file my_file20.cif (mmCIF, C-alpha atoms and all ligand atoms)
data_structure
loop_
_atom_site.group_PDB
_atom_site.id
_atom_site.type_symbol
_atom_site.label_atom_id
_atom_site.label_comp_id
_atom_site.auth_asym_id
_atom_site.auth_seq_id
_atom_site.Cartn_x
_atom_site.Cartn_y
_atom_site.Cartn_z
ATOM 1 C CA MET G 1388 -6.704 -2.181 19.402
ATOM 2 C CA LEU G 1389 -7.682 1.331 18.471
ATOM 3 C CA THR G 1390 -4.968 3.651 19.782
ATOM 4 C CA PRO G 1391 -4.523 7.441 19.627
ATOM 5 C CA PHE G 1392 -2.322 8.729 16.797
ATOM 6 C CA ARG G 1393 -0.084 10.748 19.081
ATOM 7 C CA GLU G 1394 0.441 7.777 21.404
ATOM 8 C CA ILE G 1395 1.665 5.579 18.545
ATOM 9 C CA LEU G 1396 4.037 8.240 17.217
ATOM 10 C CA GLU G 1397 5.457 9.111 20.631
ATOM 11 C CA GLU G 1398 6.050 5.443 21.442
ATOM 12 C CA ARG G 1399 7.860 4.928 18.131
ATOM 13 C CA ARG G 1400 9.905 8.077 18.613
ATOM 14 C CA ALA G 1401 10.983 6.936 22.094
ATOM 15 C CA ALA G 1402 11.986 3.582 20.591
ATOM 16 C CA GLY G 1403 14.109 5.238 17.882
ATOM 17 C CA ALA G 1404 11.762 3.749 15.297
ATOM 18 C CA ALA G 1405 9.025 4.895 12.935
ATOM 19 C CA ALA G 1406 5.399 3.851 12.600
ATOM 20 C CA GLY G 1407 4.500 2.382 9.220
ATOM 21 C CA ALA G 1408 1.458 4.028 7.640
ATOM 22 C CA PHE G 1409 -0.054 2.011 4.811
ATOM 23 C CA THR G 1410 -2.733 3.108 2.348
ATOM 24 C CA CYS G 1411 -5.583 0.586 2.237
ATOM 25 C CA TYR G 1412 -7.980 0.681 -0.696
ATOM 26 C CA ASP G 1413 -9.934 -2.238 0.691
ATOM 27 C CA ALA G 1414 -10.339 -4.323 3.835
ATOM 28 C CA THR G 1415 -8.246 -7.107 2.287
ATOM 29 C CA THR G 1416 -5.203 -4.831 2.332
ATOM 30 C CA ALA G 1417 -5.913 -3.724 5.906
ATOM 31 C CA ILE G 1418 -6.086 -7.345 7.051
ATOM 32 C CA GLY G 1419 -2.698 -8.014 5.422
ATOM 33 C CA VAL G 1420 -1.176 -4.917 7.052
ATOM 34 C CA VAL G 1421 -2.457 -5.829 10.510
ATOM 35 C CA ARG G 1422 -1.368 -9.460 10.124
ATOM 36 C CA ALA G 1423 2.225 -8.345 9.513
ATOM 37 C CA ALA G 1424 2.095 -5.833 12.378
ATOM 38 C CA GLU G 1425 0.763 -8.488 14.766
ATOM 39 C CA ALA G 1426 3.482 -10.953 13.782
ATOM 40 C CA ARG G 1427 6.101 -8.323 14.632
ATOM 41 C CA ARG G 1428 4.152 -6.834 17.571
ATOM 42 C CA ASP G 1429 4.516 -3.389 15.987
ATOM 43 C CA PRO G 1430 1.936 -0.595 16.032
ATOM 44 C CA VAL G 1431 0.649 0.458 12.623
ATOM 45 C CA LEU G 1432 -1.410 3.134 10.887
ATOM 46 C CA LEU G 1433 -4.089 2.371 8.292
ATOM 47 C CA LEU G 1434 -4.584 5.167 5.760
ATOM 48 C CA VAL G 1435 -7.741 5.950 3.792
ATOM 49 C CA ALA G 1436 -7.021 7.912 0.615
ATOM 50 C CA GLU G 1437 -9.127 10.973 -0.141
ATOM 51 C CA ALA G 1438 -10.338 9.459 -3.423
ATOM 52 C CA SER G 1439 -11.608 6.417 -1.521
ATOM 53 C CA PHE G 1440 -13.387 8.464 1.099
ATOM 54 C CA ARG G 1441 -14.993 10.722 -1.501
ATOM 55 C CA SER G 1442 -16.755 7.852 -3.258
ATOM 56 C CA PRO G 1443 -20.025 6.458 -1.865
ATOM 57 C CA SER G 1444 -18.634 2.918 -1.685
ATOM 58 C CA GLY G 1445 -15.336 4.164 -0.305
ATOM 59 C CA ARG G 1446 -17.167 5.970 2.494
ATOM 60 C CA LEU G 1447 -17.837 2.491 3.905
ATOM 61 C CA LEU G 1448 -14.106 1.751 3.935
ATOM 62 C CA LEU G 1449 -13.377 3.868 7.007
ATOM 63 C CA PRO G 1450 -15.752 1.948 9.318
ATOM 64 C CA ALA G 1451 -14.460 -1.315 7.838
ATOM 65 C CA LEU G 1452 -10.866 -0.352 8.663
ATOM 66 C CA LEU G 1453 -11.917 0.766 12.144
ATOM 67 C CA ALA G 1454 -13.343 -2.708 12.700
ATOM 68 C CA VAL G 1455 -10.076 -4.300 11.536
ATOM 69 C CA ALA G 1456 -8.122 -1.937 13.803
ATOM 70 C CA ASP G 1457 -10.363 -2.587 16.790
ATOM 71 C CA ALA G 1458 -9.883 -6.346 16.473
ATOM 72 C CA ALA G 1459 -6.095 -6.089 16.114
ATOM 73 C CA ARG G 1460 -3.762 -7.334 18.854
ATOM 74 C CA VAL G 1461 -1.422 -4.381 18.315
ATOM 75 C CA PRO G 1462 -2.018 -0.593 18.529
ATOM 76 C CA VAL G 1463 -3.648 0.662 15.332
ATOM 77 C CA CYS G 1464 -4.899 4.083 14.274
ATOM 78 C CA VAL G 1465 -6.997 4.815 11.177
ATOM 79 C CA GLN G 1466 -6.194 8.082 9.414
ATOM 80 C CA LEU G 1467 -7.821 9.971 6.549
ATOM 81 C CA ASP G 1468 -4.845 10.877 4.359
ATOM 82 C CA HIS G 1469 -4.165 14.136 2.445
ATOM 83 C CA VAL G 1470 -7.423 16.063 2.541
ATOM 84 C CA ASP G 1471 -7.922 19.795 2.057
ATOM 85 C CA ASP G 1472 -11.722 19.675 2.230
ATOM 86 C CA ASP G 1473 -13.268 20.650 5.587
ATOM 87 C CA ASP G 1474 -16.477 18.694 4.939
ATOM 88 C CA LEU G 1475 -14.565 15.473 4.243
ATOM 89 C CA ILE G 1476 -12.440 15.986 7.342
ATOM 90 C CA ASP G 1477 -15.494 16.548 9.522
ATOM 91 C CA ALA G 1478 -17.205 13.487 8.031
ATOM 92 C CA ALA G 1479 -14.147 11.344 8.771
ATOM 93 C CA LEU G 1480 -13.931 12.610 12.342
ATOM 94 C CA ALA G 1481 -17.647 11.974 12.840
ATOM 95 C CA ALA G 1482 -17.145 8.439 11.501
ATOM 96 C CA GLY G 1483 -14.466 7.804 14.126
ATOM 97 C CA ALA G 1484 -11.181 8.374 12.293
ATOM 98 C CA GLY G 1485 -8.336 8.515 14.801
ATOM 99 C CA ALA G 1486 -6.441 11.063 12.747
ATOM 100 C CA VAL G 1487 -6.679 13.224 9.649
ATOM 101 C CA MET G 1488 -4.035 14.704 7.443
ATOM 102 C CA ALA G 1489 -5.056 18.308 6.949
ATOM 103 C CA ASP G 1490 -3.030 18.924 3.787
ATOM 104 C CA GLY G 1491 -2.855 22.619 3.002
ATOM 105 C CA SER G 1492 0.544 22.268 1.353
ATOM 106 C CA LYS G 1493 -0.676 23.757 -1.937
ATOM 107 C CA LEU G 1494 -1.819 26.913 -0.124
ATOM 108 C CA PRO G 1495 0.314 29.910 0.858
ATOM 109 C CA THR G 1496 1.902 29.163 4.250
ATOM 110 C CA ASP G 1497 -0.371 31.504 6.234
ATOM 111 C CA ASP G 1498 -3.487 29.949 4.681
ATOM 112 C CA ASN G 1499 -2.093 26.475 5.302
ATOM 113 C CA ALA G 1500 -1.540 27.354 8.980
ATOM 114 C CA ALA G 1501 -5.053 28.813 9.326
ATOM 115 C CA PHE G 1502 -6.553 25.689 7.753
ATOM 116 C CA VAL G 1503 -4.631 23.309 10.039
ATOM 117 C CA SER G 1504 -5.415 25.398 13.138
ATOM 118 C CA SER G 1505 -9.099 25.281 12.254
ATOM 119 C CA VAL G 1506 -9.015 21.489 11.868
ATOM 120 C CA ARG G 1507 -7.054 21.204 15.132
ATOM 121 C CA SER G 1508 -9.779 23.125 16.976
ATOM 122 C CA ARG G 1509 -12.522 20.879 15.543
ATOM 123 C CA ALA G 1510 -10.717 17.608 16.320
ATOM 124 C CA PRO G 1511 -9.854 17.711 20.028
ATOM 125 C CA GLY G 1512 -9.609 13.933 20.388
ATOM 126 C CA ALA G 1513 -8.015 13.084 17.049
ATOM 127 C CA GLY G 1514 -4.516 13.390 15.630
ATOM 128 C CA VAL G 1515 -3.847 16.095 13.057
ATOM 129 C CA GLU G 1516 -0.994 15.794 10.576
ATOM 130 C CA ALA G 1517 0.013 18.760 8.429
ATOM 131 C CA GLU G 1518 2.382 19.249 5.497
ATOM 132 C CA LEU G 1519 4.709 22.163 4.847
ATOM 133 C CA GLY G 1520 6.531 22.448 1.561
ATOM 134 C CA HIS G 1521 4.866 20.126 -0.919
ATOM 135 C CA VAL G 1522 5.399 16.405 -1.531
ATOM 136 C CA GLU G 1523 4.648 16.138 -5.263
ATOM 137 C CA GLY G 1524 2.901 13.294 -7.039
ATOM 138 C CA GLY G 1525 -0.512 11.638 -7.112
ATOM 139 C CA GLU G 1526 -1.489 9.315 -4.295
ATOM 140 C CA ASP G 1527 -3.569 6.827 -6.245
ATOM 141 C CA VAL G 1528 -1.939 6.600 -9.677
ATOM 142 C CA ALA G 1529 1.833 6.117 -9.825
ATOM 143 C CA ALA G 1530 3.588 8.392 -12.327
ATOM 144 C CA ALA G 1531 7.224 9.510 -12.582
ATOM 145 C CA THR G 1532 7.499 12.576 -10.377
ATOM 146 C CA GLU G 1533 10.076 15.278 -9.592
ATOM 147 C CA ALA G 1534 10.478 16.640 -6.052
ATOM 148 C CA GLY G 1535 8.314 19.645 -5.126
ATOM 149 C CA ALA G 1536 8.833 22.683 -2.881
ATOM 150 C CA LEU G 1537 11.095 21.765 0.035
ATOM 151 C CA THR G 1538 10.213 22.410 3.692
ATOM 152 C CA ASP G 1539 11.864 25.513 5.147
ATOM 153 C CA PRO G 1540 13.187 24.704 8.663
ATOM 154 C CA ASP G 1541 12.477 28.131 10.189
ATOM 155 C CA GLU G 1542 9.019 28.272 8.663
ATOM 156 C CA ALA G 1543 8.379 24.736 9.947
ATOM 157 C CA ALA G 1544 9.129 25.814 13.526
ATOM 158 C CA THR G 1545 6.710 28.746 13.368
ATOM 159 C CA PHE G 1546 4.098 26.644 11.586
ATOM 160 C CA ALA G 1547 4.177 23.736 14.033
ATOM 161 C CA ALA G 1548 3.932 26.045 17.036
ATOM 162 C CA ALA G 1549 1.115 28.103 15.511
ATOM 163 C CA THR G 1550 -1.042 25.180 14.380
ATOM 164 C CA GLY G 1551 -0.630 22.692 17.226
ATOM 165 C CA CYS G 1552 -0.349 19.853 14.691
ATOM 166 C CA ASP G 1553 0.580 16.409 16.050
ATOM 167 C CA CYS G 1554 2.804 15.480 13.128
ATOM 168 C CA LEU G 1555 4.487 17.377 10.293
ATOM 169 C CA ALA G 1556 5.095 15.862 6.848
ATOM 170 C CA VAL G 1557 8.348 17.119 5.394
ATOM 171 C CA SER G 1558 9.354 17.622 1.787
ATOM 172 C CA ILE G 1559 13.086 16.908 1.542
ATOM 173 C CA GLY G 1560 13.270 15.426 -1.967
ATOM 174 C CA ASN G 1561 10.646 12.709 -1.412
ATOM 175 C CA VAL G 1562 7.697 12.272 -3.833
ATOM 176 C CA HIS G 1563 4.499 10.217 -4.094
ATOM 177 C CA GLY G 1564 4.344 7.520 -6.765
ATOM 178 C CA ARG G 1565 7.454 6.768 -8.813
ATOM 179 C CA TYR G 1566 10.699 8.708 -8.622
ATOM 180 C CA ALA G 1567 11.618 10.371 -11.923
ATOM 181 C CA ARG G 1568 15.282 10.105 -10.847
ATOM 182 C CA PRO G 1569 16.949 8.328 -7.919
ATOM 183 C CA PRO G 1570 15.834 10.163 -4.762
ATOM 184 C CA ALA G 1571 18.482 12.418 -3.202
ATOM 185 C CA LEU G 1572 17.113 13.371 0.196
ATOM 186 C CA ASP G 1573 18.315 16.656 1.695
ATOM 187 C CA TRP G 1574 19.802 15.443 4.993
ATOM 188 C CA ASP G 1575 20.989 18.852 6.188
ATOM 189 C CA ARG G 1576 17.473 20.167 5.736
ATOM 190 C CA LEU G 1577 15.952 17.290 7.691
ATOM 191 C CA ARG G 1578 18.490 17.795 10.483
ATOM 192 C CA ALA G 1579 17.695 21.520 10.605
ATOM 193 C CA ILE G 1580 13.932 20.845 10.720
ATOM 194 C CA ARG G 1581 14.402 18.323 13.531
ATOM 195 C CA GLU G 1582 16.453 20.818 15.532
ATOM 196 C CA ARG G 1583 13.744 23.457 15.297
ATOM 197 C CA VAL G 1584 10.527 21.389 15.392
ATOM 198 C CA ASP G 1585 9.528 19.218 18.329
ATOM 199 C CA VAL G 1586 6.441 17.452 16.912
ATOM 200 C CA PRO G 1587 6.896 14.037 15.255
ATOM 201 C CA LEU G 1588 7.965 14.266 11.588
ATOM 202 C CA SER G 1589 6.632 12.083 8.801
ATOM 203 C CA LEU G 1590 8.156 10.962 5.512
ATOM 204 C CA HIS G 1591 5.711 10.379 2.656
ATOM 205 C CA GLY G 1592 6.562 8.592 -0.577
ATOM 206 C CA ALA G 1593 8.774 5.946 1.010
ATOM 207 C CA SER G 1594 8.193 3.513 -1.875
ATOM 208 C CA GLY G 1595 11.317 3.899 -3.977
ATOM 209 C CA ILE G 1596 13.545 5.293 -1.214
ATOM 210 C CA PRO G 1597 16.368 2.809 -0.440
ATOM 211 C CA ASP G 1598 16.081 1.142 2.969
ATOM 212 C CA ALA G 1599 19.359 2.680 4.138
ATOM 213 C CA ASP G 1600 17.984 6.161 3.417
ATOM 214 C CA VAL G 1601 14.734 5.408 5.255
ATOM 215 C CA ARG G 1602 16.813 4.284 8.248
ATOM 216 C CA ARG G 1603 18.884 7.443 8.077
ATOM 217 C CA ALA G 1604 15.713 9.565 7.998
ATOM 218 C CA ILE G 1605 14.517 7.783 11.146
ATOM 219 C CA GLU G 1606 17.855 8.387 12.853
ATOM 220 C CA LEU G 1607 17.433 12.069 11.988
ATOM 221 C CA GLY G 1608 13.996 12.218 13.610
ATOM 222 C CA VAL G 1609 11.322 10.853 11.259
ATOM 223 C CA CYS G 1610 8.868 8.682 13.226
ATOM 224 C CA LYS G 1611 6.093 8.035 10.684
ATOM 225 C CA VAL G 1612 6.703 6.632 7.205
ATOM 226 C CA ASN G 1613 3.929 6.461 4.592
ATOM 227 C CA VAL G 1614 3.888 3.602 2.095
ATOM 228 C CA ASN G 1615 1.423 3.138 -0.733
ATOM 229 C CA THR G 1616 2.895 2.369 -4.179
ATOM 230 C CA GLU G 1617 4.744 -0.804 -3.154
ATOM 231 C CA LEU G 1618 1.586 -2.257 -1.647
ATOM 232 C CA ARG G 1619 -0.418 -1.644 -4.820
ATOM 233 C CA GLU G 1620 2.330 -3.132 -7.003
ATOM 234 C CA ARG G 1621 2.484 -6.316 -4.942
ATOM 235 C CA TYR G 1622 -1.297 -6.575 -4.546
ATOM 236 C CA LEU G 1623 -1.901 -6.323 -8.300
ATOM 237 C CA ALA G 1624 0.983 -8.658 -9.175
ATOM 238 C CA GLN G 1625 -0.390 -11.327 -6.851
ATOM 239 C CA LEU G 1626 -3.922 -10.826 -8.134
ATOM 240 C CA ALA G 1627 -2.747 -11.269 -11.737
ATOM 241 C CA ALA G 1628 -0.644 -14.326 -10.892
ATOM 242 C CA GLY G 1629 -3.381 -15.994 -8.873
ATOM 243 C CA LEU G 1630 -6.319 -15.222 -11.122
ATOM 244 C CA PRO G 1631 -6.004 -18.059 -13.692
ATOM 245 C CA ALA G 1632 -5.981 -20.755 -10.996
ATOM 246 C CA ALA G 1633 -8.700 -19.009 -9.013
ATOM 247 C CA ARG G 1634 -11.015 -18.887 -12.028
ATOM 248 C CA ASP G 1635 -10.850 -22.659 -12.184
ATOM 249 C CA GLY G 1636 -13.306 -23.519 -9.432
ATOM 250 C CA LEU G 1637 -14.106 -19.872 -8.607
ATOM 251 C CA ARG G 1638 -11.686 -19.986 -5.684
ATOM 252 C CA LEU G 1639 -12.228 -16.419 -4.550
ATOM 253 C CA LEU G 1640 -11.374 -17.130 -0.932
ATOM 254 C CA GLU G 1641 -8.015 -18.661 -1.852
ATOM 255 C CA LEU G 1642 -7.238 -15.755 -4.150
ATOM 256 C CA GLU G 1643 -8.036 -13.260 -1.410
ATOM 257 C CA GLU G 1644 -5.902 -15.164 1.105
ATOM 258 C CA SER G 1645 -2.987 -15.101 -1.328
ATOM 259 C CA VAL G 1646 -3.364 -11.323 -1.716
ATOM 260 C CA ILE G 1647 -3.469 -10.890 2.074
ATOM 261 C CA ASP G 1648 -0.250 -12.937 2.321
ATOM 262 C CA ALA G 1649 1.423 -10.874 -0.412
ATOM 263 C CA VAL G 1650 0.461 -7.571 1.264
ATOM 264 C CA SER G 1651 1.585 -8.941 4.606
ATOM 265 C CA ASP G 1652 5.007 -9.862 3.153
ATOM 266 C CA VAL G 1653 5.585 -6.339 1.816
ATOM 267 C CA VAL G 1654 4.479 -4.773 5.097
ATOM 268 C CA ALA G 1655 6.632 -7.110 7.216
ATOM 269 C CA ALA G 1656 9.711 -6.210 5.169
ATOM 270 C CA LYS G 1657 8.938 -2.494 5.479
ATOM 271 C CA LEU G 1658 8.264 -2.691 9.232
ATOM 272 C CA ALA G 1659 11.615 -4.442 9.701
ATOM 273 C CA VAL G 1660 13.307 -1.385 8.158
ATOM 274 C CA LEU G 1661 11.323 1.006 10.364
ATOM 275 C CA ALA G 1662 11.969 -0.782 13.676
HETATM 276 ZN ZN ZN O 1701 1.397 11.254 1.236
#
call {"tool": "encode", "arguments": {"input": "my_file20.cif", "output": "structure tokens"}}
result
Amino acid sequence: MLTPFREILEERRAAGAAAGAFTCYDATTAIGVVRAAEARRDPVLLLVAEASFRSPSGRLLLPALLAVADAARVPVCVQLDHVDDDDLIDAALAAGAGAVMADGSKLPTDDNAAFVSSVRSRAPGAGVEAELGHVEGGEDVAAATEAGALTDPDEAATFAAATGCDCLAVSIGNVHGRYARPPALDWDRLRAIRERVDVPLSLHGASGIPDADVRRAIELGVCKVNVNTELRERYLAQLAAGLPAARDGLRLLELEESVIDAVSDVVAAKLAVLA
């Protein structure tokens, strides 16, 4: 069932858990994500990447994911991820997105705050996630990445209060894509941010962070965890493995079902860590 962003995050926070947010490049992935969430009776977030939403075919993905979310037996919210373009944000909100990530993290802090405040004022019914400090790395192509600018706890407090964002993505040593070196998350920084900021915190780039560290981040106040790379790895591995047999007899349906199962397995394992 379609459920407000804030409601999902607050419920997870109260439960001492985090909501899994999974990037879906097609409806097949979304079906796998929701299947795992339903089996566990966990809420879940479906993410549309900016590159998807920018393309004419990808523009159809958002309504497709909304349909998957609407039919789900668990709370689901569809979010446009990491966008700094006002037109794209407005288009996603008009199309019914439950949340947007207004990512001004490459801007000076004041400009970032002005951008997020502006989005907040245009999206009264939708969730708005912001990012302070910068989580490095590309969303759609995995490359070895070093950590970017870290979130300043005092700045985060001022920023969250000024913008009215519903969720704040923190940069504490996490990156998108593949970690150039084993991740060393800055726990003191996360603790300091949590002490000063009351809105739900999110951790991006969870693929590659050991489960024990993800759990520790949740114990220190993270209640949304974004996952993308692991899903793509498993999806493509299953596609490659299943393709020879599928070609014999053009068994497209069976191939797609096997990909849904593979995605669902990855998501179930991740949700178990987040619960
Ligand atoms: Zn991200």
call {"tool": "residues_near_ligand", "arguments": {"input": "my_file20.cif", "ligand": "ligand ZN 1701 (chain O)", "cutoff": "9 Å", "atoms": "only C-alpha atoms and all ligand atoms", "output": "JSON, numbers by chain"}}
result
{"G": [1468, 1469, 1488, 1522, 1523, 1524, 1525, 1526, 1556, 1562, 1563, 1590, 1591, 1592, 1613, 1614, 1615]}
call {"tool": "write_last_selection", "arguments": {"input": "my_file20.cif", "atoms": "C-alpha atoms", "output": "PDB file, in the frame of the given file"}}
result
ATOM      1  CA  ASP G1468      -4.845  10.877   4.359  1.00  0.00           C
ATOM      2  CA  HIS G1469      -4.165  14.136   2.445  1.00  0.00           C
ATOM      3  CA  MET G1488      -4.035  14.704   7.443  1.00  0.00           C
ATOM      4  CA  VAL G1522       5.399  16.405  -1.531  1.00  0.00           C
ATOM      5  CA  GLU G1523       4.648  16.138  -5.263  1.00  0.00           C
ATOM      6  CA  GLY G1524       2.901  13.294  -7.039  1.00  0.00           C
ATOM      7  CA  GLY G1525      -0.512  11.638  -7.112  1.00  0.00           C
ATOM      8  CA  GLU G1526      -1.489   9.315  -4.295  1.00  0.00           C
ATOM      9  CA  ALA G1556       5.095  15.862   6.848  1.00  0.00           C
ATOM     10  CA  VAL G1562       7.697  12.272  -3.833  1.00  0.00           C
ATOM     11  CA  HIS G1563       4.499  10.217  -4.094  1.00  0.00           C
ATOM     12  CA  LEU G1590       8.156  10.962   5.512  1.00  0.00           C
ATOM     13  CA  HIS G1591       5.711  10.379   2.656  1.00  0.00           C
ATOM     14  CA  GLY G1592       6.562   8.592  -0.577  1.00  0.00           C
ATOM     15  CA  ASN G1613       3.929   6.461   4.592  1.00  0.00           C
ATOM     16  CA  VAL G1614       3.888   3.602   2.095  1.00  0.00           C
ATOM     17  CA  ASN G1615       1.423   3.138  -0.733  1.00  0.00           C
TER      18      ASN G1615
END
call {"tool": "atom_distance", "arguments": {"input": "my_file20.cif", "atom1": "atom CA of Thr1550 of chain G", "atom2": "atom CA of Val1584 of chain G"}}
result
12.2 Å
call {"tool": "resolve_selection", "arguments": {"input": "my_file20.cif", "expression": "the PyMOL selection byres (((chain G and resi 1433) around 9) and not hetatm)", "output": "PDB file with C-alpha atoms, in the coordinates of the input"}}
result
ATOM      1  CA  GLY G1407       4.500   2.382   9.220  1.00  0.00           C
ATOM      2  CA  ALA G1408       1.458   4.028   7.640  1.00  0.00           C
ATOM      3  CA  PHE G1409      -0.054   2.011   4.811  1.00  0.00           C
ATOM      4  CA  THR G1410      -2.733   3.108   2.348  1.00  0.00           C
ATOM      5  CA  CYS G1411      -5.583   0.586   2.237  1.00  0.00           C
ATOM      6  CA  ALA G1417      -5.913  -3.724   5.906  1.00  0.00           C
ATOM      7  CA  VAL G1420      -1.176  -4.917   7.052  1.00  0.00           C
ATOM      8  CA  VAL G1421      -2.457  -5.829  10.510  1.00  0.00           C
ATOM      9  CA  VAL G1431       0.649   0.458  12.623  1.00  0.00           C
ATOM     10  CA  LEU G1432      -1.410   3.134  10.887  1.00  0.00           C
ATOM     11  CA  LEU G1434      -4.584   5.167   5.760  1.00  0.00           C
ATOM     12  CA  VAL G1435      -7.741   5.950   3.792  1.00  0.00           C
ATOM     13  CA  LEU G1452     -10.866  -0.352   8.663  1.00  0.00           C
ATOM     14  CA  LEU G1453     -11.917   0.766  12.144  1.00  0.00           C
ATOM     15  CA  ALA G1456      -8.122  -1.937  13.803  1.00  0.00           C
ATOM     16  CA  VAL G1463      -3.648   0.662  15.332  1.00  0.00           C
ATOM     17  CA  CYS G1464      -4.899   4.083  14.274  1.00  0.00           C
ATOM     18  CA  VAL G1465      -6.997   4.815  11.177  1.00  0.00           C
ATOM     19  CA  GLN G1466      -6.194   8.082   9.414  1.00  0.00           C
ATOM     20  CA  LEU G1467      -7.821   9.971   6.549  1.00  0.00           C
TER      21      LEU G1467
END
call {"tool": "residues_near_point", "arguments": {"input": "my_file20.cif", "point": "(7.7, 0.8, 0.7)", "cutoff": "7 Å", "atoms": "only C-alpha atoms", "output": "list in words"}}
result
Ala1593, Ser1594, Gly1595, Val1614, Asn1615, Glu1617 and Lys1657 of chain G
call {"tool": "resolve_selection", "arguments": {"input": "my_file20.cif", "expression": "the PyMOL selection byres (((chain G and resi 1625) around 10) and not hetatm)", "output": "PyMOL selection string"}}
result
chain G and resi 1619-1624+1626-1630+1642-1643+1645-1650
call {"tool": "resolve_selection", "arguments": {"input": "my_file20.cif", "expression": "the PyMOL selection byres (((chain G and resi 1439) around 12) and not hetatm)", "output": "list of chain:residue names"}}
result
G:Thr1410, G:Cys1411, G:Tyr1412, G:Asp1413, G:Leu1434, G:Val1435, G:Ala1436, G:Glu1437, G:Ala1438, G:Phe1440, G:Arg1441, G:Ser1442, G:Pro1443, G:Ser1444, G:Gly1445, G:Arg1446, G:Leu1447, G:Leu1448, G:Leu1449, G:Leu1467, G:Asp1468, G:His1469, G:Val1470, G:Leu1475, G:Ala1479, G:Glu1526, G:Asp1527
call {"tool": "atom_distance", "arguments": {"input": "my_file20.cif", "atom1": "atom CA of Thr1415 of chain G", "atom2": "atom CA of Leu1396 of chain G"}}
result
24.7 Å
call {"tool": "atom_distance", "arguments": {"input": "my_file20.cif", "atom1": "atom CA of Gly1560 of chain G", "atom2": "atom CA of Ala1534 of chain G"}}
result
5.1 Å
call {"tool": "residues_around", "arguments": {"input": "my_file20.cif", "residues": "Val1461 of chain G", "least_positions_apart": "5", "cutoff": "7 Å", "atoms": "all atoms listed in the file", "output": "ChimeraX atom specification"}}
result
/G:1388,1425,1428-1430
call {"tool": "residues_around", "arguments": {"input": "my_file20.cif", "residues": "Gly1485 of chain G", "least_positions_apart": "2", "cutoff": "8 Å", "atoms": "only C-alpha atoms", "output": "JSON, numbers by chain"}}
result
{"G": [1390, 1391, 1392, 1464, 1465, 1466, 1480, 1483, 1487, 1512, 1513, 1514]}
call {"tool": "residues_around", "arguments": {"input": "my_file20.cif", "residues": "segment 1491-1499 of chain G", "least_positions_apart": "5", "cutoff": "7 Å", "atoms": "all atoms listed in the file", "output": "VMD selection string"}}
result
chain G and resid 1471 1518 to 1521
call {"tool": "build_atoms", "arguments": {"input": "my_file20.cif", "residues": "segment 1566-1579 of chain G", "atoms": "N, CA and C atoms", "output": "PDB file, keeping the file's coordinate frame"}}
result
ATOM      1  N   TYR G1566       9.663   7.667  -8.545  1.00  0.00           N
ATOM      2  CA  TYR G1566      10.699   8.708  -8.622  1.00  0.00           C
ATOM      3  C   TYR G1566      11.200   8.862 -10.059  1.00  0.00           C
ATOM      4  N   ALA G1567      11.161  10.104 -10.557  1.00  0.00           N
ATOM      5  CA  ALA G1567      11.618  10.371 -11.923  1.00  0.00           C
ATOM      6  C   ALA G1567      13.123  10.147 -12.026  1.00  0.00           C
ATOM      7  N   ARG G1568      13.839  10.366 -10.916  1.00  0.00           N
ATOM      8  CA  ARG G1568      15.282  10.105 -10.847  1.00  0.00           C
ATOM      9  C   ARG G1568      15.553   9.563  -9.451  1.00  0.00           C
ATOM     10  N   PRO G1569      16.692   8.894  -9.258  1.00  0.00           N
ATOM     11  CA  PRO G1569      16.949   8.328  -7.919  1.00  0.00           C
ATOM     12  C   PRO G1569      16.817   9.409  -6.848  1.00  0.00           C
ATOM     13  N   PRO G1570      16.061   9.130  -5.771  1.00  0.00           N
ATOM     14  CA  PRO G1570      15.834  10.163  -4.762  1.00  0.00           C
ATOM     15  C   PRO G1570      17.134  10.579  -4.078  1.00  0.00           C
ATOM     16  N   ALA G1571      17.316  11.880  -3.925  1.00  0.00           N
ATOM     17  CA  ALA G1571      18.482  12.418  -3.202  1.00  0.00           C
ATOM     18  C   ALA G1571      17.909  13.267  -2.068  1.00  0.00           C
ATOM     19  N   LEU G1572      17.742  12.655  -0.920  1.00  0.00           N
ATOM     20  CA  LEU G1572      17.113  13.371   0.196  1.00  0.00           C
ATOM     21  C   LEU G1572      18.090  14.402   0.773  1.00  0.00           C
ATOM     22  N   ASP G1573      17.524  15.525   1.193  1.00  0.00           N
ATOM     23  CA  ASP G1573      18.315  16.656   1.695  1.00  0.00           C
ATOM     24  C   ASP G1573      18.491  16.479   3.205  1.00  0.00           C
ATOM     25  N   TRP G1574      19.602  15.805   3.579  1.00  0.00           N
ATOM     26  CA  TRP G1574      19.802  15.443   4.993  1.00  0.00           C
ATOM     27  C   TRP G1574      20.023  16.658   5.876  1.00  0.00           C
ATOM     28  N   ASP G1575      20.754  17.648   5.373  1.00  0.00           N
ATOM     29  CA  ASP G1575      20.989  18.852   6.188  1.00  0.00           C
ATOM     30  C   ASP G1575      19.669  19.545   6.505  1.00  0.00           C
ATOM     31  N   ARG G1576      18.777  19.539   5.527  1.00  0.00           N
ATOM     32  CA  ARG G1576      17.473  20.167   5.736  1.00  0.00           C
ATOM     33  C   ARG G1576      16.680  19.406   6.802  1.00  0.00           C
ATOM     34  N   LEU G1577      16.684  18.085   6.703  1.00  0.00           N
ATOM     35  CA  LEU G1577      15.952  17.290   7.691  1.00  0.00           C
ATOM     36  C   LEU G1577      16.519  17.519   9.092  1.00  0.00           C
ATOM     37  N   ARG G1578      17.853  17.567   9.188  1.00  0.00           N
ATOM     38  CA  ARG G1578      18.490  17.795  10.483  1.00  0.00           C
ATOM     39  C   ARG G1578      18.086  19.169  11.029  1.00  0.00           C
ATOM     40  N   ALA G1579      18.058  20.154  10.180  1.00  0.00           N
ATOM     41  CA  ALA G1579      17.695  21.520  10.605  1.00  0.00           C
ATOM     42  C   ALA G1579      16.229  21.584  11.041  1.00  0.00           C
TER      43      ALA G1579
END
